[in-house]
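Read through the structure below, which is laid out as structure tokens, and then see the notes.
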Amino acid sequence: MRVSLPPVLLRAARAQLAPVARLGSSEARMSTIAAGQTVPSPGAPPPPAPQQPHHQATTPQQDAERQRRARRILREAVAATAPRHDWTREEVSAIFYQPLMELAFQAATVHRRFHNPAEVQLCTLMNIKTGGCTEDCSYCAQSTRYQKGTGLQAKRLETVESVLEAARIAKENGSTRFCMGAAWRDMRGRKNSLRNIKEMISGVRAMGMEACVTLGMIDEEQARELKEAGLTAYNHNLDTSREFYPSIISTRTYDERLKTLGHVRDAGINVCSGGILGLGETSEDRIGLLHTVATLPSHPESFPVNALVPIKGTPLGDRKPIEFTSMLRTIAAARILMPATIIRIAAGRKTMPEEQQALCFMAGANAIFTGEKMLTTECNGWDEDAAMFGRWGLEPMKSFQKSPAPAGDVAGRE
Ligand code: SF4
């Protein structure tokens, strides 16, 4: 029998304790402080930076040795000329907990080796089937479980014509990737819908745009059909660490998500898979997510970093916003761990000041969602983003242009 309490409530108390139990070292203290940054006690002063722990259990020599090891891990990671898939948890942790300015600087260095740092991919996301989803993702307005509280009206699958019209508008405004999201658990028994979605994909590709869909879990055959229709990328987020995941979703497992990613990869479709920050997870959970994606057989072509947008009526509707430093730290660590991947600032960008976005671009983010809406939440508009690009000397990435910059070519791009 399934207990129907919102799973996130069950995790809250142990979230802060887990890192200490697991590590018992200066790393444990760093984790605990970092976790405290995410979920501060009401009225508490800001905690110190995670890279400057106060500790009593280890000697200064042991601490100095740990710091030396962490610096060596970072140095070697930054010097790498090709993506690695054999990261240990200790290495991910050592990179993640670097002093933030150093981490951002080193991530920017890696970014310049693998990408043109002036280019940012513009994607537009359309909700092609709204609400009525049987899953219980605690952050999502589209789950039927929270419909009473959110008041979201479910809608059937949009027509092919209306979707292609929206894609045309997105293209006219400069977007090069068009993402189509449907609120479904999976694609079982949805033959007609799949046929229409394949038409949408072909239509988007015929406009010269990259096509991405997110439809829930899919099997090998469905992945193959989507590939044949011309699908560029399939989005299926892991959301968070394996350990924290059951606190957020109970209706499908982490392994089921990984299985879908495997079907997508095997079909030759680019994998887009990322996380959501601000769910109540600790820094250790962010490290767990990064470790999982950075050790997949191939890195996701795209890693979206979402900041939770709390929606009233969902179990996470009252959560406080994630600190910007946690967002920047996650983006910078992801850039070093997955140097060739496109890192996408996804949900939550609407409330980020422009200077914060610029810091993210400097530290390795190179894609955004732009347009009118992101599924059920507000999105920065095309004009607003074009003006920002002008101020910061950024330019839109062209379709299918994800070409790494030549090694050593930091400033001299044509
Ligand atoms: S996130 Fe996706 S799978 Fe989860 S409830 Fe929302 S629409 Fe359904």
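Each chain in the structure tokens gets a letter, A, B, ..., in the order shown, and its residues are numbered from 1; ligands are numbered from 1 in order too.
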Determine, for each residue of segment 118-149 of chain A having at least one atom at most 12 Å from an atom of segment 293-307 of chain A, the closest pair of atoms and their separation in Å to one decimal, counting only C-alpha atoms; order by chain and ascending number, as CSV.
residue,atom,partner,partner_atom,distance
A:Gln121,CA,A:Ser302,CA,10.7
A:Cys123,CA,A:Pro304,CA,11.6
A:Tyr139,CA,A:Ala307,CA,10.9
- Message: From a backbone DSSP assignment, name each residue in segment 59-133 of chain A labelled strand (DSSP E or B), as number ranges by chain.
- Response: A: 119-129, 133
Counting only C-alpha atoms and all ligand atoms, which residues of chain A fall within 7 Å of ligand 1, and what is the closest atom pair for each with its distance in Å at one decimal, ordered by chain and rising number, as a tab-separated table?
residue	atom	partner	partner_atom_place_in_ligand_line	distance
A:Gly131	CA	ligand 1	7 (S)	6.6
A:Cys133	CA	ligand 1	8 (Fe)	4.5
A:Thr134	CA	ligand 1	8 (Fe)	6.3
A:Glu135	CA	ligand 1	5 (S)	4.5
A:Asp136	CA	ligand 1	5 (S)	5.2
A:Cys137	CA	ligand 1	4 (Fe)	4.4
A:Cys140	CA	ligand 1	6 (Fe)	4.6
A:Ala141	CA	ligand 1	6 (Fe)	6.5
A:Gln142	CA	ligand 1	6 (Fe)	4.8
A:Ser143	CA	ligand 1	5 (S)	4.2
A:Ala182	CA	ligand 1	7 (S)	6.8
A:Ala183	CA	ligand 1	7 (S)	3.7
A:Trp184	CA	ligand 1	8 (Fe)	5.4
A:Arg185	CA	ligand 1	3 (S)	5.2
A:Gly216	CA	ligand 1	3 (S)	5.9
Next, write the just-selected residues to a file, as a PDB file, in the first residue's frame, keeping N, CA and C atoms as the atom set.
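Produced file out.pdb, reproduced below:
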ATOM      1  N   GLY A 131      -1.048  19.784 -18.199  1.00  0.00           N
ATOM      2  CA  GLY A 131      -1.725  19.226 -17.022  1.00  0.00           C
ATOM      3  C   GLY A 131      -2.225  17.800 -17.191  1.00  0.00           C
ATOM      4  N   CYS A 133      -1.324  15.165 -15.552  1.00  0.00           N
ATOM      5  CA  CYS A 133      -0.298  14.138 -15.457  1.00  0.00           C
ATOM      6  C   CYS A 133      -0.491  13.309 -14.186  1.00  0.00           C
ATOM      7  N   THR A 134      -0.298  12.002 -14.314  1.00  0.00           N
ATOM      8  CA  THR A 134      -0.551  11.108 -13.182  1.00  0.00           C
ATOM      9  C   THR A 134       0.638  10.995 -12.225  1.00  0.00           C
ATOM     10  N   GLU A 135       1.768  11.595 -12.583  1.00  0.00           N
ATOM     11  CA  GLU A 135       2.938  11.533 -11.693  1.00  0.00           C
ATOM     12  C   GLU A 135       2.751  12.493 -10.509  1.00  0.00           C
ATOM     13  N   ASP A 136       3.625  12.332  -9.493  1.00  0.00           N
ATOM     14  CA  ASP A 136       3.450  13.181  -8.306  1.00  0.00           C
ATOM     15  C   ASP A 136       4.664  14.058  -8.009  1.00  0.00           C
ATOM     16  N   CYS A 137       5.352  14.524  -9.046  1.00  0.00           N
ATOM     17  CA  CYS A 137       6.533  15.387  -8.853  1.00  0.00           C
ATOM     18  C   CYS A 137       6.121  16.582  -7.968  1.00  0.00           C
ATOM     19  N   CYS A 140       5.573  20.246  -9.351  1.00  0.00           N
ATOM     20  CA  CYS A 140       4.949  20.457 -10.663  1.00  0.00           C
ATOM     21  C   CYS A 140       3.458  20.779 -10.590  1.00  0.00           C
ATOM     22  N   ALA A 141       3.081  21.840 -11.277  1.00  0.00           N
ATOM     23  CA  ALA A 141       1.674  22.265 -11.319  1.00  0.00           C
ATOM     24  C   ALA A 141       0.840  21.361 -12.214  1.00  0.00           C
ATOM     25  N   GLN A 142       1.505  20.523 -13.013  1.00  0.00           N
ATOM     26  CA  GLN A 142       0.762  19.748 -14.016  1.00  0.00           C
ATOM     27  C   GLN A 142       0.298  18.386 -13.516  1.00  0.00           C
ATOM     28  N   SER A 143       0.678  18.079 -12.266  1.00  0.00           N
ATOM     29  CA  SER A 143       0.239  16.808 -11.685  1.00  0.00           C
ATOM     30  C   SER A 143      -1.234  16.915 -11.281  1.00  0.00           C
ATOM     31  N   ALA A 182       5.155  17.656 -23.128  1.00  0.00           N
ATOM     32  CA  ALA A 182       3.811  17.110 -22.886  1.00  0.00           C
ATOM     33  C   ALA A 182       3.779  16.489 -21.489  1.00  0.00           C
ATOM     34  N   ALA A 183       2.768  16.822 -20.723  1.00  0.00           N
ATOM     35  CA  ALA A 183       2.661  16.347 -19.340  1.00  0.00           C
ATOM     36  C   ALA A 183       2.088  14.926 -19.323  1.00  0.00           C
ATOM     37  N   TRP A 184       2.973  13.973 -19.522  1.00  0.00           N
ATOM     38  CA  TRP A 184       2.581  12.561 -19.493  1.00  0.00           C
ATOM     39  C   TRP A 184       3.565  11.780 -18.638  1.00  0.00           C
ATOM     40  N   ARG A 185       3.066  10.671 -18.076  1.00  0.00           N
ATOM     41  CA  ARG A 185       3.986   9.769 -17.378  1.00  0.00           C
ATOM     42  C   ARG A 185       4.872   9.040 -18.392  1.00  0.00           C
ATOM     43  N   GLY A 216       7.926  12.314 -21.083  1.00  0.00           N
ATOM     44  CA  GLY A 216       7.929  11.293 -20.036  1.00  0.00           C
ATOM     45  C   GLY A 216       8.768  10.096 -20.464  1.00  0.00           C
TER      46      GLY A 216
END
- Item | Selection: 9 Å around Cys212 of chain A, only C-alpha atoms, excl. self and same-chain fewer than 5 positions, as a count of residues only | 14
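Of the listed residues (A:Leu328, A:Ile287, A:Ile336, A:Met388), A:Ile336 comes nearest to Thr81 of chain A; the distances count only C-alpha atoms.
Shortest separation to Thr176 of chain A among A:Thr88, A:Thr124, A:Gln222, A:Gln153 occurs at residue A:Thr124, atoms counted being only C-alpha atoms.
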- Shell around Val160 of chain A at 8 Å using only C-alpha atoms, local window under 3 positions removed, as a ChimeraX atom specification: /A:163-164,196-197,199-200
Atoms to include: C-alpha atoms. Write the selected residues as a CSV table (one decimal), in the first residue's frame.
chain,number,residue,atom,x,y,z
A,163,VAL,CA,2.6,24.0,-32.7
A,164,LEU,CA,4.3,24.8,-36.0
A,196,ASN,CA,1.1,13.9,-34.4
A,197,ILE,CA,4.3,14.6,-32.4
A,199,GLU,CA,4.7,15.5,-37.6
A,200,MET,CA,5.5,18.4,-35.3
- Among segment 56-177 of chain A, which residues carry a DSSP assignment of helix (DSSP H, G or I), reported as a PyMOL selection string? chain A and resi 60-79+89-96+100-114+144-150+160-172
- Message: Quick one: residues within 8 Å of segment 350-365 of chain A, only C-alpha atoms, excluding same-chain residues fewer than 3 positions away - as an MDAnalysis selection string?
- Response: chainID A and resid 104:108 110:111 117 120 324 328 331:332 335 342:345 347 378:380 388 392
Take the residues from that selection and write them out as an mmCIF file, in the first residue's frame, keeping C-alpha atoms.
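To be explicit, this is the file written out as result05.cif:
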data_model
loop_
_atom_site.group_PDB
_atom_site.id
_atom_site.type_symbol
_atom_site.label_atom_id
_atom_site.label_comp_id
_atom_site.auth_asym_id
_atom_site.auth_seq_id
_atom_site.Cartn_x
_atom_site.Cartn_y
_atom_site.Cartn_z
ATOM 1 C CA ALA A 104 34.033 30.163 -11.590
ATOM 2 C CA PHE A 105 37.361 31.339 -13.017
ATOM 3 C CA GLN A 106 38.544 27.801 -13.776
ATOM 4 C CA ALA A 107 35.163 26.921 -15.281
ATOM 5 C CA ALA A 108 35.450 29.976 -17.528
ATOM 6 C CA VAL A 110 37.452 25.330 -19.559
ATOM 7 C CA HIS A 111 34.471 26.976 -21.250
ATOM 8 C CA PRO A 117 32.142 31.950 -24.936
ATOM 9 C CA VAL A 120 24.467 31.281 -26.232
ATOM 10 C CA PHE A 324 22.418 32.405 -6.451
ATOM 11 C CA LEU A 328 26.626 29.472 -9.947
ATOM 12 C CA ILE A 331 26.909 25.536 -13.259
ATOM 13 C CA ALA A 332 30.658 26.040 -12.833
ATOM 14 C CA ARG A 335 31.199 23.001 -16.903
ATOM 15 C CA ILE A 342 25.691 22.700 -23.424
ATOM 16 C CA ILE A 343 24.718 24.035 -20.006
ATOM 17 C CA ARG A 344 21.302 25.592 -19.971
ATOM 18 C CA ILE A 345 19.955 28.140 -17.495
ATOM 19 C CA ALA A 347 13.496 27.653 -15.020
ATOM 20 C CA GLU A 378 6.952 33.008 -16.879
ATOM 21 C CA CYS A 379 9.975 33.303 -19.159
ATOM 22 C CA ASN A 380 12.183 36.189 -20.249
ATOM 23 C CA MET A 388 20.888 41.738 -22.647
ATOM 24 C CA TRP A 392 27.209 41.891 -22.675
#
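Residue nearest Ile128 of chain A, chosen from A:Gly174, A:Thr150, A:Lys320, A:Val213 and counting only C-alpha atoms: A:Val213.
Reported to one decimal place, the separation of atom CA of Glu256 of chain A from atom CA of Leu290 of chain A is 18.0 Å.
If only C-alpha atoms are the atoms counted, then among A:Met327, A:Leu337, A:Leu261, A:Leu122 the closest residue to Ser93 of chain A is A:Leu337.
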- Task: Would you please work out which residue, of A:Leu226, A:Met217, A:Ala387, A:Ile169, is nearest to Ser202 of chain A when using only C-alpha atoms?
- Result: A:Leu226
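Counting from atom CA of Gly230 of chain A, the distance to atom CA of Met207 of chain A is 12.0 Å.
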